[in-house]
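What follows is a set of notes on a single structure, which appears directly below.
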Amino acid sequence: MHPAPSVIVFTTFSGLGFGLLFWLGLGMPAPTGMTAFVFFVLAYLCAVGGLLASTFHLGHPERFLKAFSQWQTSWLSREGIAAVVTLLIMALYGAGLVFLGAKWSVLGWLGALGSLVTVGTTSMIYAQMKTVPRWRHWSTPGIFVSFSLGGGALMAGQTTIALILLLVAAAFQIASWVIGDNQLANSGTTIETATGLGHIGKVRAFEPPHTGTNYLMKEFIHVVGRKHALKLRIIGAILGFAVPIAFLAVGVTHLTAFLAIASHVAGVLALRWLFFAQAEHVVGLYYGKR
């Protein structure tokens with residue numbers, strides 16, 4: 001699929017923001033006053049900024065409120081509702097820490113649960129898509145949740161937890177590559193089923209269905225060469241996991257913590273670009289692009 005920058009920014013930074021809110025809600029750390037203010041501003045900038053970035057991928061961003069009305073059938077709608085409820089709860093929890101020095105634990109636990117649910121609903125937007133076999137697997141929620149919690153722990157200064165969760169996230173990422181690379185072939189969807197001409201035998205694309213591009217080709221057909229994909233996988237894994245883990249292992253200072261977070265964010269952006277660029281939408285079979 002076309003790796004739209006708005007969606008890459010959305011899935012990367014909203015995950016980090018809600019991951020940080022998760023740990024703040026559990027009291028890890030439990031700052032008060034100005035320190036708490038800085039932590040919550042950082043979390044909200046990531047979470048809200050990521051959510052706002054997603055609206056730029058809508059055909060009519062001004063109609064985003066309608067997305068909240070389809071909660072019975074749409075994971076996108078459920079994500080929006082979960083995000084708003086979580087942000088409101090954590091705003092109250094944060095206000096107690098910042099202005100009153102009070103830790104309202106129940107609100108924190110509810111906010112942490114809401115943060116986890118929000119990231120889970122985001123992952124299900126992609127994991128439930130039958131048209132993208134690579135995503136329709138347990139590794140997709142695993143990636144989103146582990147990246148969020150691992151990155152959030154890194155930003156929250158939870159060194160040991162971050163170290164463990166980054167290793168878990170790396171394992172989910174590798175699993176998604178090993179399994180995902182074969183998902184389209186194993187799905188049973190072919191050019192024969194896409195065109196409905198399988199009853200006459202083997203089918204191949206002779207000419208495109210039309211002379212120019214269209215919306216489907218622009219949004220759902222994006223081909224990445226294997227060599228380029230491998231390079232990006234290595235770069236993303238090194239920046240997203242290896243470098244932060246190395247910094248955490250040698251000892252955390254303000255400088256190494258900043259470098260670890262910056263490296264992790266850069267790596268996740270690269271991996272998230274691949275997540276979308278390598279998503280073989282089955283419509284590509286109809287156009288002979290797979």
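All residue names refer to the structure tokens as shown: chains lettered A, B, ... in order, residues numbered from 1 in each chain, ligands numbered from 1 in order.
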Each stretch 79-198 of chain A residue no farther than 7 Å from stretch 4-24 of chain A, nearest pair in Å, only C-alpha atoms, as JSON lines:
{"residue": "A:Gly111", "atom": "CA", "partner": "A:Phe22", "partner_atom": "CA", "distance": 6.9}
{"residue": "A:Ala112", "atom": "CA", "partner": "A:Phe22", "partner_atom": "CA", "distance": 4.1}
{"residue": "A:Ser115", "atom": "CA", "partner": "A:Phe18", "partner_atom": "CA", "distance": 5.2}
{"residue": "A:Leu116", "atom": "CA", "partner": "A:Phe22", "partner_atom": "CA", "distance": 6.9}
{"residue": "A:Val119", "atom": "CA", "partner": "A:Gly15", "partner_atom": "CA", "distance": 6.3}
{"residue": "A:Ser148", "atom": "CA", "partner": "A:Gly19", "partner_atom": "CA", "distance": 4.6}
{"residue": "A:Leu149", "atom": "CA", "partner": "A:Gly19", "partner_atom": "CA", "distance": 4.8}
{"residue": "A:Gly151", "atom": "CA", "partner": "A:Leu16", "partner_atom": "CA", "distance": 5.7}
{"residue": "A:Gly152", "atom": "CA", "partner": "A:Leu20", "partner_atom": "CA", "distance": 3.9}
{"residue": "A:Ala153", "atom": "CA", "partner": "A:Leu20", "partner_atom": "CA", "distance": 6.4}
{"residue": "A:Met155", "atom": "CA", "partner": "A:Leu20", "partner_atom": "CA", "distance": 6.5}
{"residue": "A:Ala156", "atom": "CA", "partner": "A:Leu20", "partner_atom": "CA", "distance": 6.1}
In stretch 10-186 of chain A, what's helix (DSSP H, G or I) per DSSP? Answer as a ChimeraX atom specification?
/A:10-25,33-55,61-70,75-100,105-127,139-155,159-180,183-186
Might you pull out every residue within 9 Å of A:Gly94, with only C-alpha atoms counted and same-chain residues fewer than 4 positions away left off, and present them as a PyMOL selection string?
chain A and resi 24-25+32+36-37+40+89-90+98-99+103+108
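Distance annotation: of A:Ala91, A:Val250, A:Leu184, A:Ile238, the residue with the minimal separation from A:Thr131 is A:Leu184; atom set is only C-alpha atoms.
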Could you give me, as a list of chain:residue names, the residues within 7 Å of stretch 259-273 of chain A, counting only C-alpha atoms and dropping anything in the same chain fewer than 2 positions from it?
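That gives A:Pro3, A:Ile8, A:Thr12, A:Leu154, A:Met155, A:Leu232, A:Arg233, A:Gly236, A:Ala237, A:Leu239, A:Gly240, A:Phe241, A:Val243, A:Pro244, A:Phe247, A:Leu255, A:Thr256, A:Ala257, A:Phe275, A:Phe276, A:Ala277.
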Excluding same-chain residues fewer than 3 positions from stretch 74-78 of chain A, what lies within 10 Å of it counting only C-alpha atoms, as an MDAnalysis selection string?
chainID A and resid 64:71 81:83 117:118 120:126 128
Selection to disk with C-alpha atoms, as an mmCIF file, in the first residue's frame:
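Dumped to result.cif:
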data_model
loop_
_atom_site.group_PDB
_atom_site.id
_atom_site.type_symbol
_atom_site.label_atom_id
_atom_site.label_comp_id
_atom_site.auth_asym_id
_atom_site.auth_seq_id
_atom_site.Cartn_x
_atom_site.Cartn_y
_atom_site.Cartn_z
ATOM 1 C CA PHE A 64 -13.792 13.405 11.124
ATOM 2 C CA LEU A 65 -16.521 13.587 13.780
ATOM 3 C CA LYS A 66 -18.590 11.132 11.754
ATOM 4 C CA ALA A 67 -15.964 8.472 12.443
ATOM 5 C CA PHE A 68 -17.174 8.288 16.057
ATOM 6 C CA SER A 69 -20.653 7.127 15.027
ATOM 7 C CA GLN A 70 -19.688 3.729 13.596
ATOM 8 C CA TRP A 71 -18.391 2.114 16.801
ATOM 9 C CA ILE A 81 -13.723 6.805 21.214
ATOM 10 C CA ALA A 82 -11.104 4.952 23.272
ATOM 11 C CA ALA A 83 -8.545 7.685 22.584
ATOM 12 C CA VAL A 117 -7.119 -0.471 24.642
ATOM 13 C CA THR A 118 -6.523 2.492 22.340
ATOM 14 C CA GLY A 120 -5.074 -2.359 20.590
ATOM 15 C CA THR A 121 -7.919 -0.830 18.584
ATOM 16 C CA THR A 122 -5.403 0.933 16.354
ATOM 17 C CA SER A 123 -3.726 -2.394 15.609
ATOM 18 C CA MET A 124 -7.068 -4.027 14.798
ATOM 19 C CA ILE A 125 -7.770 -1.437 12.098
ATOM 20 C CA TYR A 126 -5.047 -3.244 10.141
ATOM 21 C CA GLN A 128 -8.842 -7.236 10.553
#
Given the choices A:Ser54, A:Ser139, A:Thr160, A:Gln278, which gets closest to A:Ser176 if the distance is worked out from only C-alpha atoms?
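Smallest distance to A:Ser176 is found for A:Ser139.
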Figure out the distance between atom CA of A:Thr73 and atom CA of A:Ile179, please, to one decimal in Å.
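Distance between the two atoms: 27.5 Å.
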Atomic distance atom CA of A:Asn182 - atom CA of A:Leu167, expressed in Å with one decimal
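Atom CA of A:Leu167 lies at a distance of 23.7 Å from atom CA of A:Asn182.
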